[in-house]
Amino acid sequence: MLEPPDAESRRAIEPVICYPSELLAPPDLDAYRAAFANYRKTDEVRVPPRDAATFRVPRGGVFRISSIEGPQVGDLNLWNADDVGERFYSGKTRALHGTHVSVGDRLWSNLPQLRPMATIIEDTLAWYGADEFGGRVHDVIGTRCDPYTGRLLSGDDYHHCCHSNLTRALADALGISLDESEPYVHDVMNVFMCTGFSREKGAYFMKASPVRPGDHIDFLAEIDLLGALSACPGGDCSATHSSDEAACFPLLVEVFEGDPPEGWHSADRNAYDRSHGR
Ligand SMILES: [Zn+2]
């Protein structure tokens, strides 16, 4: 392939961070954790393997996702409990916090609300960091396994992909049809999943999750939330997904409530005036 004479010098230009995260007002994690220490458990939901379940968390509450019986990754969707048109926006969350999220990072909602929906206050896998392959845990780069891509790649119909699991769970939670619920299912946070991009081709890869029973990740709800979690048919995602082949385990979601952190208030909608230059 022909290169321009200054190809090397063009490549050598230093990158700049698109969205310096220090410009975001950081959450007061000490206050969040101090408040959570006095919360009590108000609900729990067990997510069966290769299926999904929904849960509700009032603003200021905390939800914990735990591995309980074996290494298992989960595909998480979040909606504003009062308006499912407002939902988790993985693309902007990735732009703001990076490809993988952990303590102190927030899950942001779509435009025009663009506000924090949840803040990660604890993550027992935070020690993992980055491995020699560039793999990290809890990505906001994957989309969710879905039967359409499965059809495209294998020609088979597999109905227990995370997309279908989330579609059924949301339909049941809202009392609506599958056709009505499917458009609200969105790109996920891949809880406990270990992923990255290959150095050579930038190909999206997954590898066996380091999660073990007892590991958990805790989120404080910044607004009233309806959540759905799918226990991915890929199990620990060490080999395959979109089939019944992988060993799969349940996940546990627990909800805790109490007096919210001192000085905390529920996240406001984005303050942009929406005049778009007119
Ligand atoms: Zn999946």
# chains A, B, ... in the order shown; residues from 1 in each chain; ligands from 1
call {"tool": "residues_around", "arguments": {"residues": "Arg274 (chain A)", "least_positions_apart": "5", "cutoff": "12 Å", "atoms": "only C-alpha atoms", "output": "PyMOL selection string"}}
result
chain A and resi 111-113+269
call {"tool": "residues_near_ligand", "arguments": {"ligand": "ligand 1", "cutoff": "9 Å", "atoms": "only C-alpha atoms and all ligand atoms", "output": "list in words"}}
result
Arg50, Val73, Gly74, Asp75, Thr143, Arg144, Cys145, Asp146, His160, Cys161, Cys162, His163, Asn165, Asn190, Ser230, Ala231, Cys232, Pro233, Gly234, Gly235, Cys237, His241 and Ser242 of chain A
call {"tool": "closest_residue", "arguments": {"among": "A:Pro147, A:Gly175, A:Pro210, A:Gly277", "to": "Ser243 (chain A)", "atoms": "only C-alpha atoms"}}
result
A:Pro147
call {"tool": "residues_around", "arguments": {"residues": "Phe219 (chain A)", "least_positions_apart": "5", "cutoff": "6 Å", "atoms": "only C-alpha atoms", "output": "list in words"}}
result
Val62, Phe63, Ala118, Thr119, Ile120 and Ile121 of chain A
call {"tool": "select_by_dssp", "arguments": {"residues": "region 1-145 of chain A", "states": "alpha helix (DSSP H)", "output": "PyMOL selection string"}}
result
chain A and resi 7-11+29-36+90-97
call {"tool": "closest_residue", "arguments": {"among": "A:Arg87, A:Arg199, A:His100, A:His138", "to": "Ile217 (chain A)", "atoms": "only C-alpha atoms"}}
result
A:His138
call {"tool": "atom_distance", "arguments": {"atom1": "CA of Gly150 (chain A)", "atom2": "CA of Ala208 (chain A)"}}
result
20.5 Å
call {"tool": "atom_distance", "arguments": {"atom1": "CA of Asp28 (chain A)", "atom2": "CA of Gly263 (chain A)"}}
result
9.4 Å
call {"tool": "atom_distance", "arguments": {"atom1": "CA of Asp236 (chain A)", "atom2": "CA of Thr99 (chain A)"}}
result
19.0 Å
call {"tool": "closest_atom_pairs", "arguments": {"of": "region 31-148 of chain A", "to": "region 182-187 of chain A", "cutoff": "8 Å", "atoms": "only C-alpha atoms", "output": "JSON lines"}}
result
{"residue": "A:Asn77", "atom": "CA", "partner": "A:His186", "partner_atom": "CA", "distance": 6.7}
{"residue": "A:Val84", "atom": "CA", "partner": "A:Tyr184", "partner_atom": "CA", "distance": 6.9}
{"residue": "A:Gly85", "atom": "CA", "partner": "A:Tyr184", "partner_atom": "CA", "distance": 7.0}
{"residue": "A:Arg87", "atom": "CA", "partner": "A:His186", "partner_atom": "CA", "distance": 7.8}
{"residue": "A:Phe88", "atom": "CA", "partner": "A:His186", "partner_atom": "CA", "distance": 7.5}
{"residue": "A:Tyr89", "atom": "CA", "partner": "A:Asp187", "partner_atom": "CA", "distance": 7.4}
{"residue": "A:Ser90", "atom": "CA", "partner": "A:Asp187", "partner_atom": "CA", "distance": 6.2}
{"residue": "A:Gly142", "atom": "CA", "partner": "A:Asp187", "partner_atom": "CA", "distance": 7.3}
{"residue": "A:Thr143", "atom": "CA", "partner": "A:Asp187", "partner_atom": "CA", "distance": 4.5}
{"residue": "A:Arg144", "atom": "CA", "partner": "A:Asp187", "partner_atom": "CA", "distance": 6.2}
